[in-house]
Structures are given as C-alpha cells and as structure tokens.
file run-v2.csv (CSV, C-alpha atoms)
chain,number,residue,atom,x,y,z
N,195,MET,CA,62.0,-115.6,-3.5
N,196,ASN,CA,62.5,-115.1,0.2
N,197,GLN,CA,65.9,-113.6,-0.5
N,198,HIS,CA,64.2,-111.2,-2.9
N,199,ARG,CA,61.7,-110.1,-0.3
N,200,LYS,CA,64.4,-109.6,2.3
N,201,ASP,CA,66.4,-107.3,-0.1
N,202,ALA,CA,63.3,-105.3,-1.2
N,203,PRO,CA,63.4,-102.6,1.5
N,204,ALA,CA,67.0,-101.9,0.7
N,205,ASP,CA,66.3,-101.8,-3.0
N,206,THR,CA,63.4,-99.3,-2.3
N,207,LEU,CA,65.7,-97.1,-0.2
N,208,GLU,CA,68.3,-97.1,-3.0
N,209,GLU,CA,65.6,-96.1,-5.5
N,210,LEU,CA,64.4,-93.2,-3.3
N,211,GLU,CA,68.0,-92.0,-2.7
N,212,SER,CA,68.6,-92.2,-6.5
N,213,LEU,CA,65.4,-90.3,-7.1
N,214,GLY,CA,66.4,-87.6,-4.6
N,215,GLU,CA,69.8,-87.3,-6.2
N,216,ARG,CA,68.2,-86.9,-9.7
N,217,LEU,CA,65.8,-84.3,-8.4
N,218,ALA,CA,68.6,-82.3,-6.7
N,219,GLN,CA,70.6,-82.5,-10.0
N,220,TRP,CA,67.5,-81.3,-12.0
N,221,VAL,CA,66.9,-78.4,-9.5
N,222,GLY,CA,70.6,-77.4,-9.8
N,223,ALA,CA,70.4,-77.5,-13.6
N,224,ASN,CA,67.2,-75.6,-13.8
N,225,PRO,CA,67.3,-72.9,-11.1
N,226,ALA,CA,65.3,-70.4,-13.2
N,227,VAL,CA,62.4,-72.8,-13.6
N,228,VAL,CA,62.3,-73.6,-9.9
N,229,LEU,CA,62.5,-70.0,-8.9
N,230,GLY,CA,59.8,-69.1,-11.4
N,231,VAL,CA,57.4,-71.7,-10.0
N,232,ALA,CA,58.1,-70.7,-6.4
N,233,GLY,CA,57.7,-67.0,-7.4
N,234,ALA,CA,54.3,-67.8,-9.1
N,235,ILE,CA,53.1,-69.6,-6.0
N,236,LEU,CA,54.1,-66.7,-3.7
N,237,LEU,CA,52.5,-64.3,-6.1
N,238,ILE,CA,49.2,-66.2,-6.1
N,239,ALA,CA,49.2,-66.4,-2.3
N,240,ALA,CA,49.9,-62.7,-2.1
N,241,SER,CA,47.3,-61.9,-4.6
N,242,ILE,CA,44.6,-63.8,-2.7
N,243,GLY,CA,45.6,-62.1,0.5
N,244,GLY,CA,45.7,-58.7,-1.2
N,245,TYR,CA,42.3,-59.3,-2.8
N,246,ARG,CA,40.7,-60.2,0.6
N,247,ALA,CA,42.2,-57.1,2.2
N,248,TYR,CA,41.0,-55.0,-0.7
N,249,SER,CA,37.5,-56.5,-0.6
N,250,HIS,CA,37.3,-55.9,3.2
N,251,ALA,CA,38.5,-52.3,2.8
N,252,ARG,CA,36.0,-51.7,-0.1
N,253,VAL,CA,33.1,-53.0,2.0
N,254,GLU,CA,34.1,-50.7,4.9
N,255,LYS,CA,34.4,-47.7,2.5
N,256,ALA,CA,31.0,-48.5,0.9
N,257,SER,CA,29.4,-48.7,4.4
N,258,ALA,CA,30.9,-45.3,5.4
N,259,ALA,CA,29.7,-43.8,2.1
N,260,LEU,CA,26.1,-45.0,2.8
N,261,ALA,CA,26.2,-43.6,6.3
N,262,ALA,CA,27.4,-40.3,5.0
N,263,VAL,CA,24.6,-40.0,2.5
N,264,ARG,CA,22.0,-41.0,5.0
N,265,GLY,CA,23.4,-38.4,7.5
N,266,GLU,CA,23.2,-35.7,4.8
N,267,PHE,CA,19.6,-36.8,4.0
N,268,MET,CA,18.5,-36.6,7.6
N,269,THR,CA,20.1,-33.1,8.0
N,270,ALA,CA,18.5,-31.9,4.8
N,271,MET,CA,15.1,-33.0,6.1
N,272,GLY,CA,15.6,-31.0,9.3
N,273,GLY,CA,16.9,-33.7,11.6
N,274,LYS,CA,20.2,-34.9,13.0
N,275,PRO,CA,22.4,-37.5,11.2
N,276,THR,CA,21.9,-39.9,14.1
N,277,ASP,CA,18.1,-39.6,14.2
N,278,ALA,CA,16.3,-43.0,13.9
N,279,GLU,CA,13.2,-41.5,12.2
N,280,VAL,CA,13.1,-39.1,9.3
N,281,PRO,CA,11.5,-35.8,10.2
N,282,GLU,CA,9.0,-34.2,7.8
N,283,PRO,CA,9.7,-30.6,6.8
N,284,ALA,CA,6.8,-28.2,7.0
N,285,ASN,CA,7.3,-27.2,3.3
N,286,ALA,CA,5.9,-30.2,1.3
N,287,GLU,CA,7.5,-29.0,-1.9
N,288,ALA,CA,10.9,-28.8,-0.3
N,289,ALA,CA,10.5,-32.3,1.1
N,290,ARG,CA,9.6,-33.6,-2.3
N,291,SER,CA,12.7,-32.0,-3.8
N,292,ILE,CA,15.0,-33.4,-1.1
N,293,ARG,CA,13.6,-36.9,-1.6
N,294,THR,CA,14.0,-36.7,-5.4
N,295,ASP,CA,17.6,-35.6,-5.0
N,296,PHE,CA,18.6,-38.2,-2.5
N,297,ALA,CA,16.7,-41.0,-4.3
N,298,GLU,CA,19.1,-40.5,-7.2
N,299,ARG,CA,22.1,-40.1,-4.9
N,300,TYR,CA,21.3,-43.5,-3.3
N,301,ALA,CA,20.9,-45.1,-6.7
N,302,MET,CA,24.3,-43.6,-7.8
N,303,LEU,CA,25.9,-44.8,-4.6
N,304,ALA,CA,24.7,-48.3,-5.4
N,305,ARG,CA,26.3,-48.2,-8.8
N,306,ASP,CA,29.5,-46.9,-7.4
N,307,TRP,CA,29.7,-49.7,-4.8
N,308,SER,CA,28.3,-52.5,-6.9
N,309,GLY,CA,29.1,-55.9,-5.5
N,310,THR,CA,29.1,-54.9,-1.9
N,311,PRO,CA,26.2,-55.4,0.6
N,312,THR,CA,25.9,-51.6,0.7
N,313,ALA,CA,24.7,-51.6,-2.9
N,314,ALA,CA,21.5,-53.5,-2.0
N,315,LEU,CA,20.9,-51.3,1.1
N,316,ALA,CA,21.3,-48.2,-1.0
N,317,LEU,CA,18.8,-49.4,-3.6
N,318,LEU,CA,16.4,-50.2,-0.7
N,319,GLU,CA,16.7,-46.6,0.5
N,320,ALA,CA,16.3,-45.2,-3.0
N,321,GLY,CA,13.2,-47.4,-3.7
N,322,GLN,CA,11.6,-46.3,-0.4
N,323,LEU,CA,12.1,-42.6,-1.4
N,324,TYR,CA,10.6,-43.2,-4.9
N,325,GLU,CA,7.7,-45.0,-3.3
N,326,GLN,CA,7.1,-42.0,-1.0
N,327,LEU,CA,7.2,-39.8,-4.1
N,328,GLY,CA,4.5,-41.9,-5.7
N,329,ASN,CA,6.8,-43.4,-8.3
N,330,ARG,CA,6.1,-47.1,-7.7
N,331,GLU,CA,7.4,-48.2,-11.0
N,332,ARG,CA,10.8,-46.8,-10.3
N,333,ALA,CA,10.8,-48.3,-6.8
N,334,LEU,CA,10.0,-51.7,-8.1
N,335,GLU,CA,12.7,-51.4,-10.7
N,336,LEU,CA,15.3,-50.5,-8.1
N,337,TRP,CA,14.2,-53.2,-5.7
N,338,THR,CA,14.2,-55.8,-8.4
N,339,GLU,CA,17.8,-54.8,-9.3
N,340,ALA,CA,18.8,-55.0,-5.6
N,341,VAL,CA,17.5,-58.6,-5.3
N,342,ALA,CA,19.4,-59.6,-8.4
N,343,GLY,CA,22.6,-58.1,-7.2
N,344,ALA,CA,22.5,-59.1,-3.6
N,345,ALA,CA,24.3,-62.1,-2.2
N,346,THR,CA,22.3,-65.2,-2.1
N,347,GLY,CA,20.7,-65.7,1.3
N,348,SER,CA,21.3,-62.2,2.5
N,349,PRO,CA,18.7,-61.1,5.0
N,350,VAL,CA,18.3,-57.8,3.2
N,351,VAL,CA,16.8,-59.8,0.3
N,352,GLY,CA,14.0,-60.8,2.6
N,353,VAL,CA,13.3,-57.2,3.5
N,354,ILE,CA,13.4,-56.1,-0.2
N,355,GLN,CA,11.2,-59.0,-1.3
N,356,SER,CA,8.7,-58.1,1.4
N,357,ARG,CA,8.6,-54.5,0.2
N,358,ILE,CA,8.1,-55.7,-3.3
N,359,GLY,CA,5.2,-57.8,-2.2
N,360,HIS,CA,3.5,-54.9,-0.5
N,361,LEU,CA,4.1,-52.7,-3.5
N,362,GLN,CA,2.5,-55.2,-5.8
N,363,GLU,CA,-0.3,-55.7,-3.4
N,364,ASP,CA,-1.1,-52.0,-3.4
N,365,ALA,CA,-1.1,-52.2,-7.2
N,366,GLY,CA,-3.7,-55.0,-7.1
N,367,ASP,CA,-1.4,-57.7,-8.5
N,368,PHE,CA,-2.0,-60.2,-5.7
N,369,ALA,CA,-0.5,-63.2,-7.4
N,370,ALA,CA,2.8,-61.4,-7.9
N,371,ALA,CA,2.6,-60.1,-4.3
N,372,SER,CA,2.2,-63.6,-3.0
N,373,ARG,CA,5.2,-64.8,-4.9
N,374,ALA,CA,7.3,-62.0,-3.5
N,375,HIS,CA,6.2,-62.7,0.1
N,376,GLU,CA,7.0,-66.3,-0.4
N,377,ALA,CA,10.4,-65.4,-1.7
N,378,ALA,CA,11.0,-63.2,1.4
N,379,ALA,CA,10.0,-66.2,3.6
N,380,ALA,CA,12.5,-68.4,1.8
N,381,VAL,CA,15.5,-66.3,2.7
N,382,PRO,CA,17.5,-68.0,5.5
N,383,GLY,CA,17.7,-66.0,8.6
N,384,TYR,CA,15.0,-63.5,7.7
N,385,PRO,CA,13.5,-62.6,11.1
N,386,LEU,CA,10.0,-61.9,9.8
N,387,ARG,CA,9.7,-65.2,7.9
N,388,ILE,CA,6.4,-66.3,9.5
N,389,ASP,CA,4.8,-62.9,8.8
N,390,ALA,CA,6.0,-63.2,5.2
N,391,LEU,CA,4.3,-66.6,5.0
N,392,ALA,CA,1.1,-65.1,6.4
N,393,ASP,CA,1.2,-62.3,3.8
N,394,ALA,CA,1.8,-64.8,1.1
N,395,ALA,CA,-1.2,-66.8,2.2
N,396,ARG,CA,-3.4,-63.8,2.5
N,397,THR,CA,-2.5,-62.4,-1.0
N,398,SER,CA,-2.8,-65.9,-2.5
N,399,ALA,CA,-6.4,-65.9,-1.3
N,400,ASP,CA,-6.9,-62.4,-2.7
N,401,ALA,CA,-5.6,-63.7,-6.0
N,402,GLY,CA,-8.2,-66.5,-5.9
N,403,GLN,CA,-5.6,-69.2,-5.2
N,404,THR,CA,-7.4,-70.7,-2.2
N,405,ASP,CA,-5.6,-74.0,-2.2
N,406,ARG,CA,-2.2,-72.3,-2.1
N,407,ALA,CA,-3.4,-70.0,0.7
N,408,LEU,CA,-4.5,-73.0,2.7
N,409,ASP,CA,-1.2,-74.8,2.1
N,410,LEU,CA,0.7,-71.7,3.4
N,411,TYR,CA,-1.6,-71.4,6.4
N,412,ARG,CA,-1.1,-75.0,7.3
N,413,GLN,CA,2.7,-74.5,7.0
N,414,ILE,CA,2.5,-71.7,9.5
N,415,GLU,CA,0.5,-73.8,11.9
N,416,SER,CA,3.0,-76.6,11.5
N,417,GLU,CA,6.2,-74.6,11.8
N,418,ALA,CA,5.1,-72.0,14.3
N,419,PRO,CA,1.9,-72.9,16.1
N,420,GLU,CA,2.6,-70.3,18.8
N,421,ALA,CA,3.1,-67.5,16.3
N,422,GLN,CA,1.2,-64.3,16.9
N,423,LEU,CA,0.0,-63.0,13.6
N,424,ALA,CA,-1.7,-59.6,13.1
N,425,PRO,CA,-5.4,-60.0,14.2
N,426,HIS,CA,-6.7,-59.0,10.8
N,427,VAL,CA,-4.4,-61.5,9.1
N,428,GLU,CA,-5.3,-64.3,11.5
N,429,ALA,CA,-9.0,-63.6,11.0
N,430,ARG,CA,-8.6,-63.6,7.2
N,431,LEU,CA,-6.8,-66.9,7.1
N,432,GLU,CA,-9.2,-68.6,9.5
N,433,GLU,CA,-12.1,-67.4,7.3
N,434,ILE,CA,-10.4,-69.0,4.3
N,435,ALA,CA,-9.8,-72.3,6.1
N,436,ALA,CA,-13.4,-72.3,7.3
N,437,ARG,CA,-14.9,-71.7,3.8
N,438,ALA,CA,-12.6,-74.4,2.3
N,439,GLY,CA,-13.2,-77.2,4.7
N,440,GLY,CA,-15.3,-76.2,7.6
N,441,ALA,CA,-12.7,-75.9,10.3
N,442,ALA,CA,-9.4,-74.0,10.5
N,443,PRO,CA,-6.3,-76.1,10.4
N,444,ASP,CA,-5.6,-75.6,14.1
N,445,ALA,CA,-9.2,-76.0,15.3
N,446,LYS,CA,-10.0,-78.9,17.6
N,447,THR,CA,-12.4,-81.5,16.2
N,448,PRO,CA,-15.1,-82.1,18.8
N,449,ALA,CA,-15.4,-85.7,20.1
N,450,SER,CA,-18.2,-87.8,18.8
N,451,PRO,CA,-21.0,-88.4,21.3
N,452,PRO,CA,-21.0,-91.9,22.8
N,453,ALA,CA,-23.3,-94.4,21.2
N,454,PRO,CA,-26.6,-95.0,23.1
call {"tool": "encode", "arguments": {"input": "run-v2.csv", "output": "structure tokens"}}
result
Amino acid sequence: MNQHRKDAPADTLEELESLGERLAQWVGANPAVVLGVAGAILLIAASIGGYRAYSHARVEKASAALAAVRGEFMTAMGGKPTDAEVPEPANAEAARSIRTDFAERYAMLARDWSGTPTAALALLEAGQLYEQLGNRERALELWTEAVAGAATGSPVVGVIQSRIGHLQEDAGDFAAASRAHEAAAAVPGYPLRIDALADAARTSADAGQTDRALDLYRQIESEAPEAQLAPHVEARLEEIAARAGGAAPDAKTPASPPAP
C-alpha cells in the first residue's frame, strides 16, 4: 500500500499529461468548433462593451435634447436659455399658448428618449406646465407615468412623488396625498425626505388618520430631532399630538413634586 501511495503523484502527472495530449488532439481535429466558441465569446464581450458605449451616448444625447427644448422654452417666454427662472410674458394668451406647445414637446421628448433619466425629467417639466395651465388630470397622468418609468431609487422620483402629493392635496384627496408624500420620503437620497414625512403626517391628519399622523411625527422626532420644519407644519403636528395624548412627542414631561 505504501508503494501505491509513493507512486500516486507520478500516476496523477501521467494522467494530466495524457489529458492534455487528448485535449490538444481534439482541438487539432475540431478547429472550427474551437474558433467558433472563441469567436462567440469575443462577440459577446464586444456586444456588452458596445451596448454600454451606446447607452452612455444615448443618455448624453437625451440630456442635450432636454437642454435644447428648455432653452427654446425660456426664449419663447421672453428670457435667455440660461435663465434660472421662467419669465412671464405680458400677453397672458401668448404665455398659455407657449406652455401648451412646450408641454406636448416635453411629453414627446420623454417618449423619444424612453428608458433614460431624461424621460422622467421631461415628464416632470411637462406635468408642471399642465399644472400651470390648470389641467391637473393631465399633470397627474404624466407624473404617474414618470414614476413608473424612472429607475428605482432615483432622486427625481422623490421630487415627482412630492409634486403628486401636493397636487392631490389641492384636489382634496388627503389620503392619496399622504401616500405620495410617504413614497417621496422613502426614496433613498431624496434631500427633502424629512419635509416629505412632515407633509405626509399633516395630510394624514387632514384625512382623519390621526394615528398614522402621530406615527410619522414621532418618526421625524426620532430620526431628525433638530429638523427645522415650516412653522405652520410644526404647529399643526404639535396640535395633533396634543389632542391625541396631551403632550407633543418631543415635549418634556415635568417632574413630579416631591412627597410631603
């Protein structure tokens, strides 16, 4: 048995050499198959690299297209393409016509560049114009479409959900508004998350969902005790807390007087 163990490494080496020879013979006898497999691997690698390059180029083109449409809109409204705020033309009818035209142009741009971050931004712009035109139904439709098509976790989703919340709040649907504000707060990296939570708490209270409003308020106090909420929002939430349990969640409980 000891002799067998001693010879084992040599036997293994012979087997490996034999396997290598057989593999070399098979490659020599089947060059077309080998070249075909190698070619397929190279083609897949090239396709992946090409798709990434194509995707990056498409995103850049979509961004440029959005910037171009926005520049044209600013110019049509009487401003400069680089202006931060949209000027308001003296002729109200002309302003309405321009907004109607560019709302559809933004919506069309979103369709043309579907699948890119630009599509959601274009729908956000289109919805804002329709909201300004008084067509809230169309704005809500476009913003809902934008949320559905945007990448999961994209900060722009937080912005759009917040806009949806305010739109539904204006329409008197406070329960739906609260859900939208909560959805905005749930987006990772959304910079106005605490404000969205406060809006969700406030609209939950307006919808008669006092328990939910209190839960959201306590969440704010727990996660961001130093947060500076809008005064009217802070007052509203403290009022809700006081009515529900006497003291606001962050209020100090006075010490009991010492026993005589």
call {"tool": "residues_around", "arguments": {"input": "run-v2.csv", "residues": "stretch 289-296 of chain N", "least_positions_apart": "3", "cutoff": "7 Å", "atoms": "all atoms listed in the file", "output": "PyMOL selection string"}}
result
chain N and resi 267+271+283+285-286+299-300+323+327
call {"tool": "residues_around", "arguments": {"input": "run-v2.csv", "residues": "stretch 422-436 of chain N", "least_positions_apart": "3", "cutoff": "12 Å", "atoms": "all atoms listed in the file", "output": "PyMOL selection string"}}
result
chain N and resi 386-400+402-412+414-415+418-419+439-445
call {"tool": "atom_distance", "arguments": {"input": "run-v2.csv", "atom1": "atom CA of N:Gly273", "atom2": "atom CA of N:Ala258"}}
result
19.2 Å
call {"tool": "axis_aligned_box", "arguments": {"input": "run-v2.csv", "around": "stretch 390-404 of chain N", "padding_each_side": "3 Å", "output": "lines of an AutoDock Vina configuration file"}}
result
center_x = -1.1
center_y = -66.5
center_z = 0.2
size_x = 20.2
size_y = 14.4
size_z = 18.4
call {"tool": "atom_distance", "arguments": {"input": "run-v2.csv", "atom1": "atom CA of N:Val353", "atom2": "atom CA of N:Arg305"}}
result
20.0 Å
call {"tool": "residues_around", "arguments": {"input": "run-v2.csv", "residues": "N:Ala316", "least_positions_apart": "3", "cutoff": "9 Å", "atoms": "all atoms listed in the file", "output": "ChimeraX atom specification"}}
result
/N:260,300-304,311-313,319-321,340
call {"tool": "atom_distance", "arguments": {"input": "run-v2.csv", "atom1": "atom CA of N:Arg330", "atom2": "atom CA of N:Gln362"}}
result
9.1 Å
call {"tool": "closest_residue", "arguments": {"input": "run-v2.csv", "among": "N:Gly272, N:Val350, N:Asn329, N:Gln413", "to": "N:Val381", "atoms": "all atoms listed in the file"}}
result
N:Val350
call {"tool": "closest_residue", "arguments": {"input": "run-v2.csv", "among": "N:Asp306, N:Glu376, N:Asp364, N:Glu339", "to": "N:Lys255", "atoms": "only C-alpha atoms"}}
result
N:Asp306
call {"tool": "closest_residue", "arguments": {"input": "run-v2.csv", "among": "N:Ala401, N:Gly383, N:Trp307, N:Gly343", "to": "N:Asp367", "atoms": "only C-alpha atoms"}}
result
N:Ala401
call {"tool": "closest_residue", "arguments": {"input": "run-v2.csv", "among": "N:Tyr324, N:Ala365, N:Val280, N:Ile358", "to": "N:Trp337", "atoms": "all atoms listed in the file"}}
result
N:Ile358
call {"tool": "closest_residue", "arguments": {"input": "run-v2.csv", "among": "N:Phe368, N:Pro382, N:Gln355, N:Leu361", "to": "N:Ala333", "atoms": "only C-alpha atoms"}}
result
N:Leu361
call {"tool": "decode", "arguments": {"input": "run-v2.csv", "residues": "stretch 331-347 of chain N", "atoms": "N, CA, C and O atoms", "output": "short mmCIF file (atom, residue, chain, number, x, y, z; two decimals), in the first residue's frame"}}
result
data_model
loop_
_atom_site.label_atom_id
_atom_site.label_comp_id
_atom_site.auth_asym_id
_atom_site.auth_seq_id
_atom_site.Cartn_x
_atom_site.Cartn_y
_atom_site.Cartn_z
N GLU N 331 -55.41 66.91 -14.18
CA GLU N 331 -55.55 65.49 -14.54
C GLU N 331 -54.41 65.04 -15.45
O GLU N 331 -53.84 63.96 -15.26
N ARG N 332 -54.09 65.88 -16.43
CA ARG N 332 -53.01 65.55 -17.35
C ARG N 332 -51.66 65.55 -16.62
O ARG N 332 -50.80 64.69 -16.87
N ALA N 333 -51.47 66.51 -15.72
CA ALA N 333 -50.23 66.57 -14.94
C ALA N 333 -50.06 65.30 -14.11
O ALA N 333 -48.97 64.71 -14.09
N LEU N 334 -51.12 64.89 -13.45
CA LEU N 334 -51.06 63.68 -12.63
C LEU N 334 -50.77 62.45 -13.49
O LEU N 334 -49.98 61.58 -13.10
N GLU N 335 -51.38 62.40 -14.65
CA GLU N 335 -51.15 61.27 -15.57
C GLU N 335 -49.68 61.18 -15.97
O GLU N 335 -49.08 60.09 -15.96
N LEU N 336 -49.09 62.32 -16.33
CA LEU N 336 -47.70 62.33 -16.77
C LEU N 336 -46.74 62.03 -15.62
O LEU N 336 -45.75 61.30 -15.80
N TRP N 337 -47.03 62.56 -14.45
CA TRP N 337 -46.14 62.30 -13.31
C TRP N 337 -46.23 60.86 -12.86
O TRP N 337 -45.22 60.27 -12.45
N THR N 338 -47.41 60.27 -12.94
CA THR N 338 -47.55 58.85 -12.60
C THR N 338 -46.76 58.00 -13.59
O THR N 338 -46.10 57.02 -13.20
N GLU N 339 -46.81 58.38 -14.85
CA GLU N 339 -46.04 57.69 -15.88
C GLU N 339 -44.54 57.83 -15.62
O GLU N 339 -43.76 56.88 -15.80
N ALA N 340 -44.12 59.01 -15.18
CA ALA N 340 -42.71 59.25 -14.91
C ALA N 340 -42.21 58.37 -13.78
O ALA N 340 -41.12 57.80 -13.86
N VAL N 341 -43.00 58.24 -12.72
CA VAL N 341 -42.62 57.40 -11.57
C VAL N 341 -42.48 55.95 -12.02
O VAL N 341 -41.54 55.24 -11.63
N ALA N 342 -43.41 55.49 -12.84
CA ALA N 342 -43.40 54.10 -13.29
C ALA N 342 -42.19 53.80 -14.17
O ALA N 342 -41.65 52.68 -14.14
N GLY N 343 -41.75 54.79 -14.93
CA GLY N 343 -40.65 54.55 -15.86
C GLY N 343 -39.27 54.89 -15.34
O GLY N 343 -38.27 54.53 -15.96
N ALA N 344 -39.20 55.59 -14.22
CA ALA N 344 -37.91 56.02 -13.69
C ALA N 344 -37.19 54.87 -13.00
O ALA N 344 -37.81 53.90 -12.55
N ALA N 345 -35.88 54.99 -12.91
CA ALA N 345 -35.08 53.97 -12.24
C ALA N 345 -35.41 53.95 -10.75
O ALA N 345 -35.62 55.00 -10.14
N THR N 346 -35.48 52.76 -10.18
CA THR N 346 -35.77 52.62 -8.76
C THR N 346 -34.73 53.35 -7.92
O THR N 346 -33.53 53.16 -8.13
N GLY N 347 -35.20 54.15 -6.99
CA GLY N 347 -34.28 54.87 -6.12
C GLY N 347 -33.77 56.17 -6.68
O GLY N 347 -32.98 56.86 -6.03
#
